[in-house]
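Here is input.txt, consisting of compact mmCIF, N, CA and C atoms:
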# COMPACT_ATOMS: atom_id res chain seq x y z
N ILE K 1 83.89 90.15 68.48
CA ILE K 1 82.80 89.93 67.54
C ILE K 1 83.36 89.24 66.30
N GLN K 2 82.66 88.18 65.88
CA GLN K 2 83.01 87.51 64.61
C GLN K 2 81.78 87.41 63.73
N LEU K 3 81.95 87.83 62.48
CA LEU K 3 80.89 87.74 61.48
C LEU K 3 81.50 87.05 60.27
N VAL K 4 80.97 85.90 59.89
CA VAL K 4 81.53 85.13 58.79
C VAL K 4 80.44 84.87 57.74
N GLU K 5 80.61 85.53 56.59
CA GLU K 5 79.63 85.41 55.52
C GLU K 5 79.96 84.23 54.61
N SER K 6 78.92 83.67 54.02
CA SER K 6 79.08 82.57 53.07
C SER K 6 77.92 82.60 52.08
N GLY K 7 78.07 81.82 51.01
CA GLY K 7 76.99 81.66 50.05
C GLY K 7 77.13 82.44 48.77
N GLY K 8 78.16 83.26 48.66
CA GLY K 8 78.36 84.00 47.44
C GLY K 8 78.81 83.11 46.29
N GLY K 9 78.90 83.71 45.11
CA GLY K 9 79.35 82.96 43.94
C GLY K 9 78.96 83.64 42.66
N LEU K 10 79.08 82.89 41.58
CA LEU K 10 78.72 83.38 40.25
C LEU K 10 77.31 82.90 39.91
N VAL K 11 76.47 83.82 39.47
CA VAL K 11 75.09 83.48 39.14
C VAL K 11 74.69 84.24 37.89
N GLN K 12 73.82 83.65 37.10
CA GLN K 12 73.35 84.30 35.89
C GLN K 12 72.30 85.36 36.20
N PRO K 13 72.17 86.35 35.35
CA PRO K 13 71.09 87.34 35.54
C PRO K 13 69.74 86.66 35.65
N GLY K 14 68.94 87.13 36.58
CA GLY K 14 67.66 86.51 36.85
C GLY K 14 67.70 85.41 37.88
N GLY K 15 68.89 85.02 38.26
CA GLY K 15 69.04 83.93 39.22
C GLY K 15 68.90 84.38 40.66
N SER K 16 69.09 83.43 41.57
CA SER K 16 68.94 83.67 43.01
C SER K 16 70.15 83.13 43.77
N LEU K 17 70.38 83.74 44.91
CA LEU K 17 71.39 83.26 45.85
C LEU K 17 70.89 83.53 47.26
N ARG K 18 71.36 82.71 48.19
CA ARG K 18 71.06 82.95 49.60
C ARG K 18 72.38 83.04 50.35
N LEU K 19 72.61 84.19 50.94
CA LEU K 19 73.80 84.41 51.75
C LEU K 19 73.47 84.13 53.22
N ALA K 20 74.49 83.70 53.94
CA ALA K 20 74.36 83.49 55.38
C ALA K 20 75.52 84.19 56.09
N CYS K 21 75.27 84.60 57.31
CA CYS K 21 76.30 85.22 58.15
C CYS K 21 76.25 84.57 59.52
N ALA K 22 77.25 83.76 59.81
CA ALA K 22 77.36 83.12 61.11
C ALA K 22 78.07 84.06 62.06
N THR K 23 77.48 84.26 63.23
CA THR K 23 78.04 85.23 64.17
C THR K 23 78.42 84.57 65.48
N SER K 24 79.34 85.20 66.17
CA SER K 24 79.73 84.74 67.50
C SER K 24 80.41 85.89 68.23
N GLY K 25 80.53 85.74 69.55
CA GLY K 25 81.24 86.74 70.33
C GLY K 25 80.39 87.87 70.87
N PHE K 26 79.12 87.84 70.59
CA PHE K 26 78.21 88.85 71.13
C PHE K 26 76.80 88.25 71.18
N ASP K 27 75.91 88.95 71.87
CA ASP K 27 74.54 88.45 72.00
C ASP K 27 73.74 88.87 70.77
N PHE K 28 73.76 88.01 69.78
CA PHE K 28 73.15 88.30 68.47
C PHE K 28 71.70 88.74 68.60
N SER K 29 70.97 88.12 69.50
CA SER K 29 69.53 88.38 69.60
C SER K 29 69.20 89.79 70.09
N THR K 30 70.20 90.52 70.57
CA THR K 30 69.95 91.88 71.06
C THR K 30 70.45 92.95 70.09
N TYR K 31 70.91 92.54 68.92
CA TYR K 31 71.45 93.48 67.94
C TYR K 31 70.58 93.55 66.70
N ARG K 32 70.29 94.76 66.25
CA ARG K 32 69.82 94.93 64.88
C ARG K 32 70.99 94.59 63.96
N MET K 33 70.66 94.05 62.79
CA MET K 33 71.70 93.61 61.87
C MET K 33 71.38 94.07 60.46
N SER K 34 72.42 94.20 59.66
CA SER K 34 72.26 94.66 58.30
C SER K 34 73.14 93.87 57.34
N TRP K 35 72.79 93.97 56.08
CA TRP K 35 73.67 93.59 54.98
C TRP K 35 74.04 94.88 54.24
N VAL K 36 75.33 94.98 53.93
CA VAL K 36 75.81 96.09 53.12
C VAL K 36 76.62 95.49 51.98
N ARG K 37 76.84 96.27 50.94
CA ARG K 37 77.63 95.78 49.82
C ARG K 37 78.52 96.87 49.27
N GLN K 38 79.56 96.45 48.60
CA GLN K 38 80.46 97.40 47.97
C GLN K 38 80.94 96.84 46.65
N ALA K 39 80.67 97.57 45.60
CA ALA K 39 81.13 97.20 44.26
C ALA K 39 82.47 97.90 44.01
N PRO K 40 83.29 97.35 43.11
CA PRO K 40 84.59 97.97 42.82
C PRO K 40 84.43 99.43 42.42
N GLY K 41 85.18 100.30 43.06
CA GLY K 41 85.16 101.71 42.71
C GLY K 41 83.98 102.48 43.23
N LYS K 42 83.14 101.83 44.04
CA LYS K 42 81.95 102.49 44.57
C LYS K 42 81.98 102.48 46.10
N GLY K 43 81.13 103.30 46.69
CA GLY K 43 81.04 103.36 48.13
C GLY K 43 80.22 102.23 48.71
N VAL K 44 80.18 102.17 50.01
CA VAL K 44 79.39 101.15 50.70
C VAL K 44 77.92 101.51 50.59
N GLU K 45 77.13 100.52 50.25
CA GLU K 45 75.69 100.71 50.08
C GLU K 45 74.93 99.83 51.05
N TRP K 46 73.98 100.39 51.75
CA TRP K 46 73.13 99.61 52.65
C TRP K 46 72.14 98.80 51.82
N VAL K 47 72.11 97.51 52.01
CA VAL K 47 71.21 96.63 51.28
C VAL K 47 69.89 96.47 52.04
N GLY K 48 70.00 96.19 53.32
CA GLY K 48 68.80 96.01 54.13
C GLY K 48 69.17 95.63 55.54
N GLY K 49 68.19 95.72 56.43
CA GLY K 49 68.45 95.41 57.83
C GLY K 49 67.22 94.84 58.50
N ILE K 50 67.44 94.33 59.70
CA ILE K 50 66.35 93.68 60.42
C ILE K 50 66.49 93.97 61.90
N TYR K 51 65.34 94.11 62.56
CA TYR K 51 65.32 94.38 63.99
C TYR K 51 65.72 93.14 64.79
N GLU K 52 65.97 93.35 66.06
CA GLU K 52 66.50 92.30 66.93
C GLU K 52 65.64 91.04 66.92
N ASP K 53 64.33 91.22 66.96
CA ASP K 53 63.44 90.07 67.03
C ASP K 53 62.88 89.68 65.67
N GLY K 54 63.36 90.30 64.62
CA GLY K 54 62.89 90.00 63.28
C GLY K 54 61.55 90.59 62.93
N SER K 55 61.01 91.45 63.80
CA SER K 55 59.65 91.96 63.59
C SER K 55 59.57 93.01 62.49
N ARG K 56 60.69 93.67 62.23
CA ARG K 56 60.69 94.71 61.20
C ARG K 56 61.96 94.60 60.37
N SER K 57 61.85 94.98 59.12
CA SER K 57 63.02 95.02 58.25
C SER K 57 62.88 96.21 57.30
N GLY K 58 63.99 96.60 56.73
CA GLY K 58 63.99 97.69 55.77
C GLY K 58 65.00 97.41 54.68
N TYR K 59 64.83 98.07 53.53
CA TYR K 59 65.66 97.78 52.37
C TYR K 59 66.04 99.04 51.61
N GLY K 60 67.21 98.98 50.97
CA GLY K 60 67.57 100.04 50.07
C GLY K 60 66.72 99.99 48.82
N GLU K 61 66.57 101.15 48.18
CA GLU K 61 65.69 101.24 47.02
C GLU K 61 66.11 100.30 45.90
N ALA K 62 67.40 100.08 45.75
CA ALA K 62 67.89 99.26 44.63
C ALA K 62 67.49 97.80 44.73
N VAL K 63 67.17 97.33 45.94
CA VAL K 63 66.90 95.91 46.12
C VAL K 63 65.49 95.63 46.61
N LYS K 64 64.75 96.66 46.90
CA LYS K 64 63.41 96.50 47.46
C LYS K 64 62.54 95.64 46.54
N GLY K 65 61.89 94.65 47.12
CA GLY K 65 61.04 93.75 46.35
C GLY K 65 61.76 92.55 45.78
N ARG K 66 63.10 92.55 45.84
CA ARG K 66 63.88 91.42 45.31
C ARG K 66 64.67 90.69 46.39
N PHE K 67 65.10 91.42 47.40
CA PHE K 67 65.92 90.84 48.46
C PHE K 67 65.12 90.77 49.76
N THR K 68 65.44 89.77 50.58
CA THR K 68 64.80 89.60 51.88
C THR K 68 65.84 89.27 52.93
N VAL K 69 65.85 90.06 53.99
CA VAL K 69 66.73 89.79 55.12
C VAL K 69 65.94 89.01 56.17
N SER K 70 66.56 87.99 56.74
CA SER K 70 65.94 87.24 57.81
C SER K 70 67.01 86.83 58.81
N ARG K 71 66.57 86.30 59.92
CA ARG K 71 67.52 85.90 60.96
C ARG K 71 66.96 84.72 61.73
N ASP K 72 67.89 83.95 62.29
CA ASP K 72 67.55 82.86 63.19
C ASP K 72 68.33 83.09 64.48
N ASN K 73 67.65 83.63 65.48
CA ASN K 73 68.34 83.96 66.72
C ASN K 73 68.79 82.71 67.48
N THR K 74 68.17 81.57 67.23
CA THR K 74 68.61 80.34 67.89
C THR K 74 69.94 79.86 67.34
N LYS K 75 70.26 80.27 66.11
CA LYS K 75 71.52 79.89 65.48
C LYS K 75 72.49 81.07 65.35
N SER K 76 72.08 82.24 65.85
CA SER K 76 72.91 83.45 65.74
C SER K 76 73.36 83.69 64.29
N THR K 77 72.44 83.54 63.38
CA THR K 77 72.76 83.62 61.97
C THR K 77 71.81 84.58 61.26
N LEU K 78 72.39 85.36 60.37
CA LEU K 78 71.67 86.32 59.53
C LEU K 78 71.67 85.80 58.10
N TYR K 79 70.58 86.05 57.40
CA TYR K 79 70.46 85.58 56.01
C TYR K 79 70.08 86.72 55.08
N LEU K 80 70.42 86.53 53.80
CA LEU K 80 69.98 87.43 52.75
C LEU K 80 69.57 86.59 51.56
N GLN K 81 68.27 86.58 51.27
CA GLN K 81 67.77 85.92 50.07
C GLN K 81 67.71 86.93 48.95
N MET K 82 68.38 86.63 47.85
CA MET K 82 68.47 87.55 46.73
C MET K 82 67.85 86.89 45.51
N ASN K 83 66.83 87.52 44.97
CA ASN K 83 66.14 87.00 43.79
C ASN K 83 66.25 87.99 42.64
N ASN K 84 66.04 87.47 41.44
CA ASN K 84 66.03 88.30 40.23
C ASN K 84 67.28 89.20 40.16
N LEU K 85 68.42 88.56 40.33
CA LEU K 85 69.68 89.29 40.36
C LEU K 85 70.02 89.88 39.00
N THR K 86 70.65 91.06 39.04
CA THR K 86 71.13 91.72 37.83
C THR K 86 72.62 92.02 37.98
N SER K 87 73.23 92.45 36.90
CA SER K 87 74.65 92.78 36.95
C SER K 87 74.94 93.90 37.94
N GLU K 88 73.95 94.75 38.17
CA GLU K 88 74.12 95.85 39.12
C GLU K 88 74.26 95.35 40.56
N ASP K 89 73.92 94.10 40.81
CA ASP K 89 74.05 93.52 42.15
C ASP K 89 75.44 92.93 42.39
N THR K 90 76.29 92.93 41.39
CA THR K 90 77.65 92.43 41.57
C THR K 90 78.40 93.29 42.57
N ALA K 91 78.87 92.66 43.64
CA ALA K 91 79.53 93.39 44.73
C ALA K 91 80.03 92.38 45.75
N ARG K 92 80.78 92.90 46.71
CA ARG K 92 81.11 92.10 47.88
C ARG K 92 80.09 92.43 48.96
N TYR K 93 79.49 91.40 49.52
CA TYR K 93 78.41 91.56 50.49
C TYR K 93 78.92 91.25 51.89
N HIS K 94 78.61 92.16 52.80
CA HIS K 94 79.04 92.03 54.19
C HIS K 94 77.83 92.08 55.11
N CYS K 95 77.85 91.27 56.15
CA CYS K 95 76.88 91.50 57.20
C CYS K 95 77.51 92.46 58.21
N ALA K 96 76.66 93.17 58.91
CA ALA K 96 77.14 94.22 59.80
C ALA K 96 76.21 94.35 60.99
N THR K 97 76.77 94.76 62.10
CA THR K 97 75.92 95.06 63.25
C THR K 97 75.23 96.39 63.02
N GLY K 98 74.05 96.52 63.61
CA GLY K 98 73.33 97.77 63.50
C GLY K 98 72.41 97.84 62.30
N PHE K 99 71.78 99.00 62.15
CA PHE K 99 70.78 99.20 61.09
C PHE K 99 71.26 100.33 60.19
N GLY K 100 72.35 100.07 59.48
CA GLY K 100 72.97 101.08 58.63
C GLY K 100 74.31 100.59 58.14
N ILE K 101 75.17 101.52 57.74
CA ILE K 101 76.46 101.13 57.16
C ILE K 101 77.64 101.34 58.09
N THR K 102 77.39 101.80 59.31
CA THR K 102 78.52 102.19 60.16
C THR K 102 78.92 101.14 61.18
N GLY K 103 78.22 100.02 61.23
CA GLY K 103 78.52 99.01 62.23
C GLY K 103 79.73 98.18 61.89
N TYR K 104 80.01 97.23 62.78
CA TYR K 104 81.13 96.30 62.58
C TYR K 104 80.75 95.33 61.47
N ARG K 105 81.71 95.10 60.52
CA ARG K 105 81.41 94.24 59.38
C ARG K 105 82.31 93.02 59.34
N GLY K 106 81.78 91.98 58.72
CA GLY K 106 82.61 90.83 58.42
C GLY K 106 83.43 91.06 57.16
N ARG K 107 84.20 90.05 56.75
CA ARG K 107 85.08 90.19 55.59
C ARG K 107 84.30 90.11 54.28
N GLY K 108 83.13 89.56 54.32
CA GLY K 108 82.28 89.57 53.14
C GLY K 108 82.37 88.33 52.28
N THR K 109 81.43 88.25 51.33
CA THR K 109 81.41 87.18 50.34
C THR K 109 81.08 87.82 48.99
N GLN K 110 81.79 87.37 47.96
CA GLN K 110 81.65 87.99 46.65
C GLN K 110 80.46 87.40 45.90
N VAL K 111 79.66 88.29 45.34
CA VAL K 111 78.56 87.91 44.46
C VAL K 111 78.81 88.52 43.09
N THR K 112 78.85 87.67 42.07
CA THR K 112 79.06 88.13 40.71
C THR K 112 77.90 87.66 39.85
N VAL K 113 77.24 88.61 39.21
CA VAL K 113 76.10 88.30 38.35
C VAL K 113 76.52 88.53 36.90
N SER K 114 76.60 87.44 36.18
CA SER K 114 77.09 87.53 34.80
C SER K 114 76.63 86.32 34.01
N SER K 115 76.42 86.54 32.71
CA SER K 115 76.07 85.42 31.85
C SER K 115 77.31 84.84 31.19

Once you've parsed the file, please lay out its structure as structure tokens.
Amino acid sequence: IQLVESGGGLVQPGGSLRLACATSGFDFSTYRMSWVRQAPGKGVEWVGGIYEDGSRSGYGEAVKGRFTVSRDNTKSTLYLQMNNLTSEDTARYHCATGFGITGYRGRGTQVTVSS
């Protein structure tokens, strides 16, 4: 399994970013997928997840209404649209298999929200 995240960077408060996770080595279309994040000195936090066919998604309370998880099964790629970012969103973001924090994760991409 390979999960390669991209799209992170430095963004001002109130700004937006779109992360992508390119996958290979497994049948992406048959897996629920998630985004998780980890800030320095903190535990892993589930950001949100999506069902195999994209029909359902769920989000952690901290990001609900601001972040959107989507997927393109034809490209085996997972996305995370992040809007209205705050400093509390600063973390390393990982895509992961499954619908939670215990699945296989990629190396992640750093998101820093700062003015």

Distance table requested - stretch 50-99 of chain K against stretch 105-114 of chain K, cut-off 6.5 Å, all atoms listed in the file: one row per qualifying residue with the closest atom pair and its distance in Å to one decimal, ordered by chain and rising residue number, as CSV.
residue,atom,partner,partner_atom,distance
K:Leu85,C,K:Val113,CA,6.3
K:Thr86,C,K:Val113,CA,5.1
K:Ser87,CA,K:Val113,C,4.6
K:Asp89,C,K:Val111,C,5.6
K:Thr90,CA,K:Val111,C,4.4
K:Ala91,C,K:Val111,N,4.1
K:Arg92,CA,K:Gln110,CA,4.3
K:Tyr93,C,K:Thr109,N,4.0
K:His94,CA,K:Gly108,CA,4.2
K:Cys95,C,K:Gly106,N,4.3
K:Ala96,CA,K:Arg105,CA,4.3
K:Thr97,N,K:Arg105,N,5.2

Between K:Thr74, K:Ser34, K:Asn83, K:Thr23, which residue has the minimum interatomic distance to K:Phe99, considering only N, CA and C atoms?
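Ranked by minimum distance to K:Phe99, first place goes to K:Ser34.
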
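Once stretch 40-46 of chain K and its same-chain neighbours fewer than 5 positions away are set aside, Trp35, Gly60, Ala91, Gly100 and Ile101 of chain K remain within 6 Å of it when counting all atoms listed in the file.
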
Residue neighbourhood K:Phe67, 7 Å, all atoms listed in the file, exclusion window fewer than 5 positions, as an MDAnalysis selection string:
chainID K and resid 80:83

Got time to write the residues from that selection, N, CA and C atoms, as a PDB file, keeping the file's coordinate frame?
ATOM      1  N   LEU K  80      70.420  86.530  53.800  1.00  0.00           N
ATOM      2  CA  LEU K  80      69.980  87.430  52.750  1.00  0.00           C
ATOM      3  C   LEU K  80      69.570  86.590  51.560  1.00  0.00           C
ATOM      4  N   GLN K  81      68.270  86.580  51.270  1.00  0.00           N
ATOM      5  CA  GLN K  81      67.770  85.920  50.070  1.00  0.00           C
ATOM      6  C   GLN K  81      67.710  86.930  48.950  1.00  0.00           C
ATOM      7  N   MET K  82      68.380  86.630  47.850  1.00  0.00           N
ATOM      8  CA  MET K  82      68.470  87.550  46.730  1.00  0.00           C
ATOM      9  C   MET K  82      67.850  86.890  45.510  1.00  0.00           C
ATOM     10  N   ASN K  83      66.830  87.520  44.970  1.00  0.00           N
ATOM     11  CA  ASN K  83      66.140  87.000  43.790  1.00  0.00           C
ATOM     12  C   ASN K  83      66.250  87.990  42.640  1.00  0.00           C
TER      13      ASN K  83
END

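Separating atom CA of K:Ile1 from atom CA of K:Val63 is a distance of 27.3 Å.
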
To one decimal place, how far is atom CA of K:Tyr31 from atom CA of K:Ser6 in Å?
20.0 Å

In chain K, DSSP helix (DSSP H, G or I) residues written as a PyMOL selection string:
chain K and resi 28-30+87-89

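Between K:Leu19 and the residues K:Leu78, K:Ile50, K:Ala39, K:Leu3, the shortest atom-to-atom distance, using all atoms listed in the file, involves K:Leu78.
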
Box centre and edge lengths (Å, one decimal), axis-aligned, stretch 52-68 of chain K plus 6 Å each side, as lines of an AutoDock Vina configuration file:
center_x = 63.7
center_y = 95.3
center_z = 55.8
size_x = 20.3
size_y = 24.0
size_z = 34.4

When distances are computed from all atoms listed in the file, which of K:Arg37, K:Arg32, K:Thr77, K:Arg71 shows the smallest separation from K:Tyr51?
K:Arg32

Please provide the set of residues having any atom within 6.5 Å of K:Ser76, restricted to all atoms listed in the file, with same-chain residues fewer than 4 positions apart removed, written as a PyMOL selection string.
chain K and resi 21-24+28-29+72

List every residue of chain K that DSSP, applied to the backbone of this structure, places in strand (DSSP E), and write the result as a ChimeraX atom specification.
/K:2-6,9-11,17-24,33-38,44-50,57-59,67-72,77-82,91-97,109-113

Could you model all heavy atoms for stretch 50-61 of chain K and present them as a PDB file, in the coordinates of the input?
ATOM      1  N   ILE K  50      67.440  94.330  59.700  1.00  0.00           N
ATOM      2  CA  ILE K  50      66.350  93.680  60.420  1.00  0.00           C
ATOM      3  C   ILE K  50      66.490  93.970  61.900  1.00  0.00           C
ATOM      4  O   ILE K  50      67.611  94.067  62.432  1.00  0.00           O
ATOM      5  CB  ILE K  50      66.374  92.154  60.124  1.00  0.00           C
ATOM      6  CG1 ILE K  50      65.130  91.468  60.663  1.00  0.00           C
ATOM      7  CG2 ILE K  50      67.656  91.500  60.641  1.00  0.00           C
ATOM      8  CD1 ILE K  50      64.958  90.050  60.108  1.00  0.00           C
ATOM      9  N   TYR K  51      65.340  94.110  62.560  1.00  0.00           N
ATOM     10  CA  TYR K  51      65.320  94.380  63.990  1.00  0.00           C
ATOM     11  C   TYR K  51      65.720  93.140  64.790  1.00  0.00           C
ATOM     12  O   TYR K  51      65.778  92.040  64.260  1.00  0.00           O
ATOM     13  CB  TYR K  51      63.940  94.858  64.417  1.00  0.00           C
ATOM     14  CG  TYR K  51      63.696  96.329  64.192  1.00  0.00           C
ATOM     15  CD1 TYR K  51      64.400  97.051  63.234  1.00  0.00           C
ATOM     16  CD2 TYR K  51      62.749  97.011  64.939  1.00  0.00           C
ATOM     17  CE1 TYR K  51      64.173  98.398  63.035  1.00  0.00           C
ATOM     18  CE2 TYR K  51      62.505  98.359  64.745  1.00  0.00           C
ATOM     19  CZ  TYR K  51      63.217  99.051  63.799  1.00  0.00           C
ATOM     20  OH  TYR K  51      62.981 100.384  63.618  1.00  0.00           O
ATOM     21  N   GLU K  52      65.970  93.350  66.060  1.00  0.00           N
ATOM     22  CA  GLU K  52      66.500  92.300  66.930  1.00  0.00           C
ATOM     23  C   GLU K  52      65.640  91.040  66.920  1.00  0.00           C
ATOM     24  O   GLU K  52      66.170  89.921  66.870  1.00  0.00           O
ATOM     25  CB  GLU K  52      66.577  92.815  68.373  1.00  0.00           C
ATOM     26  CG  GLU K  52      67.549  93.949  68.594  1.00  0.00           C
ATOM     27  CD  GLU K  52      66.913  95.323  68.392  1.00  0.00           C
ATOM     28  OE1 GLU K  52      65.918  95.433  67.641  1.00  0.00           O
ATOM     29  OE2 GLU K  52      67.424  96.289  68.987  1.00  0.00           O
ATOM     30  N   ASP K  53      64.330  91.220  66.960  1.00  0.00           N
ATOM     31  CA  ASP K  53      63.440  90.070  67.030  1.00  0.00           C
ATOM     32  C   ASP K  53      62.880  89.680  65.670  1.00  0.00           C
ATOM     33  O   ASP K  53      62.010  88.807  65.572  1.00  0.00           O
ATOM     34  CB  ASP K  53      62.291  90.337  67.998  1.00  0.00           C
ATOM     35  CG  ASP K  53      61.430  91.514  67.563  1.00  0.00           C
ATOM     36  OD1 ASP K  53      61.765  92.151  66.545  1.00  0.00           O
ATOM     37  OD2 ASP K  53      60.430  91.793  68.251  1.00  0.00           O
ATOM     38  N   GLY K  54      63.360  90.300  64.620  1.00  0.00           N
ATOM     39  CA  GLY K  54      62.890  90.000  63.280  1.00  0.00           C
ATOM     40  C   GLY K  54      61.550  90.590  62.930  1.00  0.00           C
ATOM     41  O   GLY K  54      61.006  90.303  61.862  1.00  0.00           O
ATOM     42  N   SER K  55      61.010  91.450  63.800  1.00  0.00           N
ATOM     43  CA  SER K  55      59.650  91.960  63.590  1.00  0.00           C
ATOM     44  C   SER K  55      59.570  93.010  62.490  1.00  0.00           C
ATOM     45  O   SER K  55      58.508  93.219  61.915  1.00  0.00           O
ATOM     46  CB  SER K  55      59.120  92.546  64.900  1.00  0.00           C
ATOM     47  OG  SER K  55      59.954  93.614  65.327  1.00  0.00           O
ATOM     48  N   ARG K  56      60.690  93.670  62.230  1.00  0.00           N
ATOM     49  CA  ARG K  56      60.690  94.710  61.200  1.00  0.00           C
ATOM     50  C   ARG K  56      61.960  94.600  60.370  1.00  0.00           C
ATOM     51  O   ARG K  56      63.027  94.212  60.884  1.00  0.00           O
ATOM     52  CB  ARG K  56      60.595  96.101  61.815  1.00  0.00           C
ATOM     53  CG  ARG K  56      59.268  96.410  62.473  1.00  0.00           C
ATOM     54  CD  ARG K  56      59.218  97.853  62.935  1.00  0.00           C
ATOM     55  NE  ARG K  56      59.273  98.781  61.802  1.00  0.00           N
ATOM     56  CZ  ARG K  56      59.267 100.105  61.929  1.00  0.00           C
ATOM     57  NH1 ARG K  56      59.232 100.653  63.135  1.00  0.00           N
ATOM     58  NH2 ARG K  56      59.311 100.886  60.879  1.00  0.00           N
ATOM     59  N   SER K  57      61.850  94.980  59.120  1.00  0.00           N
ATOM     60  CA  SER K  57      63.020  95.020  58.250  1.00  0.00           C
ATOM     61  C   SER K  57      62.880  96.210  57.300  1.00  0.00           C
ATOM     62  O   SER K  57      61.790  96.754  57.119  1.00  0.00           O
ATOM     63  CB  SER K  57      63.161  93.717  57.467  1.00  0.00           C
ATOM     64  OG  SER K  57      62.014  93.461  56.687  1.00  0.00           O
ATOM     65  N   GLY K  58      63.990  96.600  56.730  1.00  0.00           N
ATOM     66  CA  GLY K  58      63.990  97.690  55.770  1.00  0.00           C
ATOM     67  C   GLY K  58      65.000  97.410  54.680  1.00  0.00           C
ATOM     68  O   GLY K  58      65.938  96.614  54.889  1.00  0.00           O
ATOM     69  N   TYR K  59      64.830  98.070  53.530  1.00  0.00           N
ATOM     70  CA  TYR K  59      65.660  97.780  52.370  1.00  0.00           C
ATOM     71  C   TYR K  59      66.040  99.040  51.610  1.00  0.00           C
ATOM     72  O   TYR K  59      65.286 100.020  51.591  1.00  0.00           O
ATOM     73  CB  TYR K  59      64.916  96.831  51.412  1.00  0.00           C
ATOM     74  CG  TYR K  59      64.583  95.522  52.071  1.00  0.00           C
ATOM     75  CD1 TYR K  59      63.375  95.336  52.727  1.00  0.00           C
ATOM     76  CD2 TYR K  59      65.513  94.482  52.081  1.00  0.00           C
ATOM     77  CE1 TYR K  59      63.087  94.148  53.376  1.00  0.00           C
ATOM     78  CE2 TYR K  59      65.227  93.282  52.724  1.00  0.00           C
ATOM     79  CZ  TYR K  59      64.017  93.138  53.373  1.00  0.00           C
ATOM     80  OH  TYR K  59      63.750  91.957  54.014  1.00  0.00           O
ATOM     81  N   GLY K  60      67.210  98.980  50.970  1.00  0.00           N
ATOM     82  CA  GLY K  60      67.570 100.040  50.070  1.00  0.00           C
ATOM     83  C   GLY K  60      66.720  99.990  48.820  1.00  0.00           C
ATOM     84  O   GLY K  60      66.214  98.934  48.426  1.00  0.00           O
ATOM     85  N   GLU K  61      66.570 101.150  48.180  1.00  0.00           N
ATOM     86  CA  GLU K  61      65.690 101.240  47.020  1.00  0.00           C
ATOM     87  C   GLU K  61      66.110 100.300  45.900  1.00  0.00           C
ATOM     88  O   GLU K  61      65.275  99.765  45.174  1.00  0.00           O
ATOM     89  CB  GLU K  61      65.657 102.675  46.518  1.00  0.00           C
ATOM     90  CG  GLU K  61      64.855 103.637  47.373  1.00  0.00           C
ATOM     91  CD  GLU K  61      63.401 103.236  47.464  1.00  0.00           C
ATOM     92  OE1 GLU K  61      62.824 102.807  46.434  1.00  0.00           O
ATOM     93  OE2 GLU K  61      62.823 103.332  48.577  1.00  0.00           O
TER      94      GLU K  61
END
